[in-house]
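Participant: Shown below is the structure under consideration.
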Amino acid sequence: MDNLVKFREEFVLNLCFRMDESLRMVSIALDKITEDQLWQKPNGSLNSIGNMILHLCGNMRQYGITSLNDVADKRDREAEFNTQGGYSKLQIFNLLKQTVDEVKATLTKISTDRLLSYRSVQGFNFSGIGNSVHVVEHFSYHTGQIAFWVKQLNNEPLGFYDGHDLNLLNNDAH
C-alpha cells in the first residue's frame, strides 16, 4: 500500500477517533444535567449547552459535510444561538450523534484529491484537510466548554477517564 493511502487512512481514523471521544464526553456531561439545565445560560454573553450543541451541529455540517461534499450550504448560524428550547437532552444528543456520523461517513468516502482541494467556508479558504482539522478542534473546544459548565453546575468531576491511569509516562505504555 502506498504511503499516501496509509497516511490518509491513519489521518481519517484519528479524526474519527477524536470526534467519538468528544461525543462520548458530551454524552457523559448531558447525563449529569437536568432538562432545564440544558437551556440554562450562565449569563447574557454565554450560551447554553443546548445552544453549543446546535452550534456544533451547524459548524460540523458546514465544514465537514457540505464543504467536503461540495453541496449547498444552508446553515442558519443565528438560529443555533437564538434557540431557547424545543429539544430534550436525548433529542439534541441524537442530532449531534447523527451529525458526527455523517461527518465520519463523509471523511471515510471522499477522495484524497477532495482532502487536498481548497474551498471557502465562512470566508476562510482551507483544504479539505484544514476543514477536517477545524471540525475536530472546534468540537473539542466546545466539548471543553460544555464540561466546564456542567462542572460549574454540579460541583463534581465528570469522570471522563475513570478506569484509566493518566499518570503513565510515554515509556510506560506498551
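How things are named: the first chain in the C-alpha cells is A, the next is B, and so on; residues count from 1 in each chain; ligands count from 1 in the order shown.
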Excluding same-chain residues fewer than 6 positions from Arg75 in chain A, what lies within 9 Å of it counting only C-alpha atoms, as a list in words?

Facilitator: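 Contacts, in chain order: Gly58, Asn59, Arg61 and Gln62 of chain A.
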
Participant: List as number ranges by chain the protein and nucleic acid residues near Asp70 in chain A, meaning an atom at most 12 Å away when only C-alpha atoms are counted, but skip any in the same chain fewer than 4 places from it.

Facilitator: A: 61-66, 106, 110, 114-115, 117-121, 128

Participant: Fewer than 5 positions away in the same chain doesn't count, so skip those; otherwise give me all residues within 7 Å of range 37-45 of chain A, counting only C-alpha atoms, as a list in words.

Facilitator: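 Neighbouring residues, sequence-local ones excluded: Gly50, Gln84, Gly85 and Lys89 of chain A.
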
Participant: Keeping only C-alpha atoms, write the selected residues to a file as a short mmCIF file (atom, residue, chain, number, x, y, z; two decimals), in the first residue's frame.

Facilitator:
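Contents of result.cif, freshly written:
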```
data_model
loop_
_atom_site.label_atom_id
_atom_site.label_comp_id
_atom_site.auth_asym_id
_atom_site.auth_seq_id
_atom_site.Cartn_x
_atom_site.Cartn_y
_atom_site.Cartn_z
CA GLY A 50 -28.20 23.25 24.08
CA GLN A 84 -34.17 28.62 23.65
CA GLY A 85 -35.56 25.10 23.78
CA LYS A 89 -31.32 16.07 26.10
#
```

Participant: Just the helix (DSSP H, G or I) stuff from range 41-173 of chain A, please, per backbone DSSP, written as a PDB file with C-alpha atoms, in the first residue's frame.

Facilitator:
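Listing of part.pdb after writing:
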```pdb
ATOM      1  CA  ILE A  49     -25.292  23.716  26.492  1.00  0.00           C
ATOM      2  CA  GLY A  50     -28.200  23.254  24.080  1.00  0.00           C
ATOM      3  CA  ASN A  51     -27.057  26.239  22.024  1.00  0.00           C
ATOM      4  CA  MET A  52     -23.474  24.971  21.961  1.00  0.00           C
ATOM      5  CA  ILE A  53     -24.636  21.594  20.667  1.00  0.00           C
ATOM      6  CA  LEU A  54     -26.800  23.186  17.960  1.00  0.00           C
ATOM      7  CA  HIS A  55     -23.799  25.352  17.048  1.00  0.00           C
ATOM      8  CA  LEU A  56     -21.560  22.284  16.861  1.00  0.00           C
ATOM      9  CA  CYS A  57     -24.020  20.574  14.533  1.00  0.00           C
ATOM     10  CA  GLY A  58     -24.181  23.617  12.260  1.00  0.00           C
ATOM     11  CA  ASN A  59     -20.427  24.085  12.197  1.00  0.00           C
ATOM     12  CA  MET A  60     -19.668  20.392  11.611  1.00  0.00           C
ATOM     13  CA  ARG A  61     -22.244  20.250   8.850  1.00  0.00           C
ATOM     14  CA  GLN A  62     -20.777  23.348   7.183  1.00  0.00           C
ATOM     15  CA  TYR A  63     -17.086  22.404   7.436  1.00  0.00           C
ATOM     16  CA  GLY A  64     -17.259  18.610   7.499  1.00  0.00           C
ATOM     17  CA  ILE A  65     -20.188  17.755   5.246  1.00  0.00           C
ATOM     18  CA  THR A  66     -21.228  20.494   2.811  1.00  0.00           C
ATOM     19  CA  SER A  67     -17.711  21.762   2.070  1.00  0.00           C
ATOM     20  CA  LEU A  68     -16.198  18.292   1.681  1.00  0.00           C
ATOM     21  CA  ASN A  69     -19.097  17.000  -0.425  1.00  0.00           C
ATOM     22  CA  ARG A  77     -25.898  30.202  12.364  1.00  0.00           C
ATOM     23  CA  GLU A  78     -28.023  32.773  14.197  1.00  0.00           C
ATOM     24  CA  ALA A  79     -30.716  30.176  14.907  1.00  0.00           C
ATOM     25  CA  GLU A  80     -28.120  27.992  16.640  1.00  0.00           C
ATOM     26  CA  PHE A  81     -27.649  30.702  19.256  1.00  0.00           C
ATOM     27  CA  ASN A  82     -31.195  32.100  19.376  1.00  0.00           C
ATOM     28  CA  LYS A  89     -31.320  16.065  26.097  1.00  0.00           C
ATOM     29  CA  LEU A  90     -31.924  12.835  24.166  1.00  0.00           C
ATOM     30  CA  GLN A  91     -33.101  14.636  21.032  1.00  0.00           C
ATOM     31  CA  ILE A  92     -30.192  17.067  20.962  1.00  0.00           C
ATOM     32  CA  PHE A  93     -27.667  14.303  21.639  1.00  0.00           C
ATOM     33  CA  ASN A  94     -29.160  12.230  18.813  1.00  0.00           C
ATOM     34  CA  LEU A  95     -28.882  15.249  16.497  1.00  0.00           C
ATOM     35  CA  LEU A  96     -25.216  15.632  17.465  1.00  0.00           C
ATOM     36  CA  LYS A  97     -24.528  11.912  17.033  1.00  0.00           C
ATOM     37  CA  GLN A  98     -26.227  11.883  13.628  1.00  0.00           C
ATOM     38  CA  THR A  99     -24.121  14.870  12.542  1.00  0.00           C
ATOM     39  CA  VAL A 100     -20.895  13.250  13.772  1.00  0.00           C
ATOM     40  CA  ASP A 101     -21.800  10.007  11.987  1.00  0.00           C
ATOM     41  CA  GLU A 102     -22.419  11.921   8.766  1.00  0.00           C
ATOM     42  CA  VAL A 103     -19.082  13.757   9.042  1.00  0.00           C
ATOM     43  CA  LYS A 104     -17.294  10.448   9.668  1.00  0.00           C
ATOM     44  CA  ALA A 105     -19.032   8.841   6.670  1.00  0.00           C
ATOM     45  CA  THR A 106     -18.016  11.811   4.521  1.00  0.00           C
ATOM     46  CA  LEU A 107     -14.383  11.616   5.635  1.00  0.00           C
ATOM     47  CA  THR A 108     -14.291   7.888   5.020  1.00  0.00           C
ATOM     48  CA  LYS A 109     -15.619   8.093   1.467  1.00  0.00           C
ATOM     49  CA  THR A 112      -7.598  12.209  -1.327  1.00  0.00           C
ATOM     50  CA  ASP A 113      -7.995  14.817  -4.066  1.00  0.00           C
ATOM     51  CA  ARG A 114     -11.005  16.275  -2.209  1.00  0.00           C
ATOM     52  CA  LEU A 115      -8.995  16.382   1.010  1.00  0.00           C
ATOM     53  CA  LEU A 116      -6.307  18.326  -0.828  1.00  0.00           C
ATOM     54  CA  GLY A 128     -10.299  19.580   2.950  1.00  0.00           C
ATOM     55  CA  ILE A 129      -7.596  18.632   5.449  1.00  0.00           C
ATOM     56  CA  GLY A 130      -7.794  22.091   7.019  1.00  0.00           C
ATOM     57  CA  ASN A 131     -11.585  21.953   7.186  1.00  0.00           C
ATOM     58  CA  SER A 132     -11.437  18.449   8.701  1.00  0.00           C
ATOM     59  CA  VAL A 133      -8.976  19.545  11.375  1.00  0.00           C
ATOM     60  CA  HIS A 134     -11.233  22.522  12.100  1.00  0.00           C
ATOM     61  CA  VAL A 135     -14.197  20.183  12.683  1.00  0.00           C
ATOM     62  CA  VAL A 136     -12.256  18.178  15.270  1.00  0.00           C
ATOM     63  CA  GLU A 137     -10.652  21.096  17.079  1.00  0.00           C
ATOM     64  CA  HIS A 138     -13.893  23.081  17.154  1.00  0.00           C
ATOM     65  CA  PHE A 139     -15.792  20.069  18.526  1.00  0.00           C
ATOM     66  CA  SER A 140     -13.103  19.570  21.171  1.00  0.00           C
ATOM     67  CA  TYR A 141     -13.131  23.261  22.108  1.00  0.00           C
ATOM     68  CA  HIS A 142     -16.870  23.329  22.749  1.00  0.00           C
ATOM     69  CA  THR A 143     -16.753  19.943  24.481  1.00  0.00           C
ATOM     70  CA  GLY A 144     -14.418  21.579  27.000  1.00  0.00           C
ATOM     71  CA  GLN A 145     -16.855  24.457  27.459  1.00  0.00           C
ATOM     72  CA  ILE A 146     -19.731  22.026  27.991  1.00  0.00           C
ATOM     73  CA  ALA A 147     -17.651  20.075  30.539  1.00  0.00           C
ATOM     74  CA  PHE A 148     -16.743  23.267  32.393  1.00  0.00           C
ATOM     75  CA  TRP A 149     -20.380  24.423  32.529  1.00  0.00           C
ATOM     76  CA  VAL A 150     -21.575  21.032  33.841  1.00  0.00           C
ATOM     77  CA  LYS A 151     -18.833  21.008  36.481  1.00  0.00           C
ATOM     78  CA  GLN A 152     -19.844  24.538  37.450  1.00  0.00           C
ATOM     79  CA  LEU A 153     -23.497  23.487  37.750  1.00  0.00           C
ATOM     80  CA  ASN A 154     -22.847  20.339  39.777  1.00  0.00           C
ATOM     81  CA  ASN A 170       5.186   7.580  27.444  1.00  0.00           C
ATOM     82  CA  ASN A 171       7.809   4.916  28.075  1.00  0.00           C
ATOM     83  CA  ASP A 172       5.401   3.047  30.432  1.00  0.00           C
TER      84      ASP A 172
END
```

Participant: Do you have the CA of Asp36 in chain A-CA of Glu21 in chain A distance handy?

Facilitator: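 Interatomic distance, CA of Asp36 in chain A to CA of Glu21 in chain A: 25.1 Å.
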
Participant: Nearest to Asp162 in chain A among A:Met25, A:Asp76, A:Val71, A:Cys16, with distances taken over only C-alpha atoms: which residue is it?

Facilitator: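 Using only C-alpha atoms, Asp162 in chain A sits closest to A:Met25.
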
Participant: Just to confirm, what's the straight-line distance from CA of Leu13 in chain A to CA of Gly123 in chain A in Å (one decimal)?

Facilitator: 27.8 Å
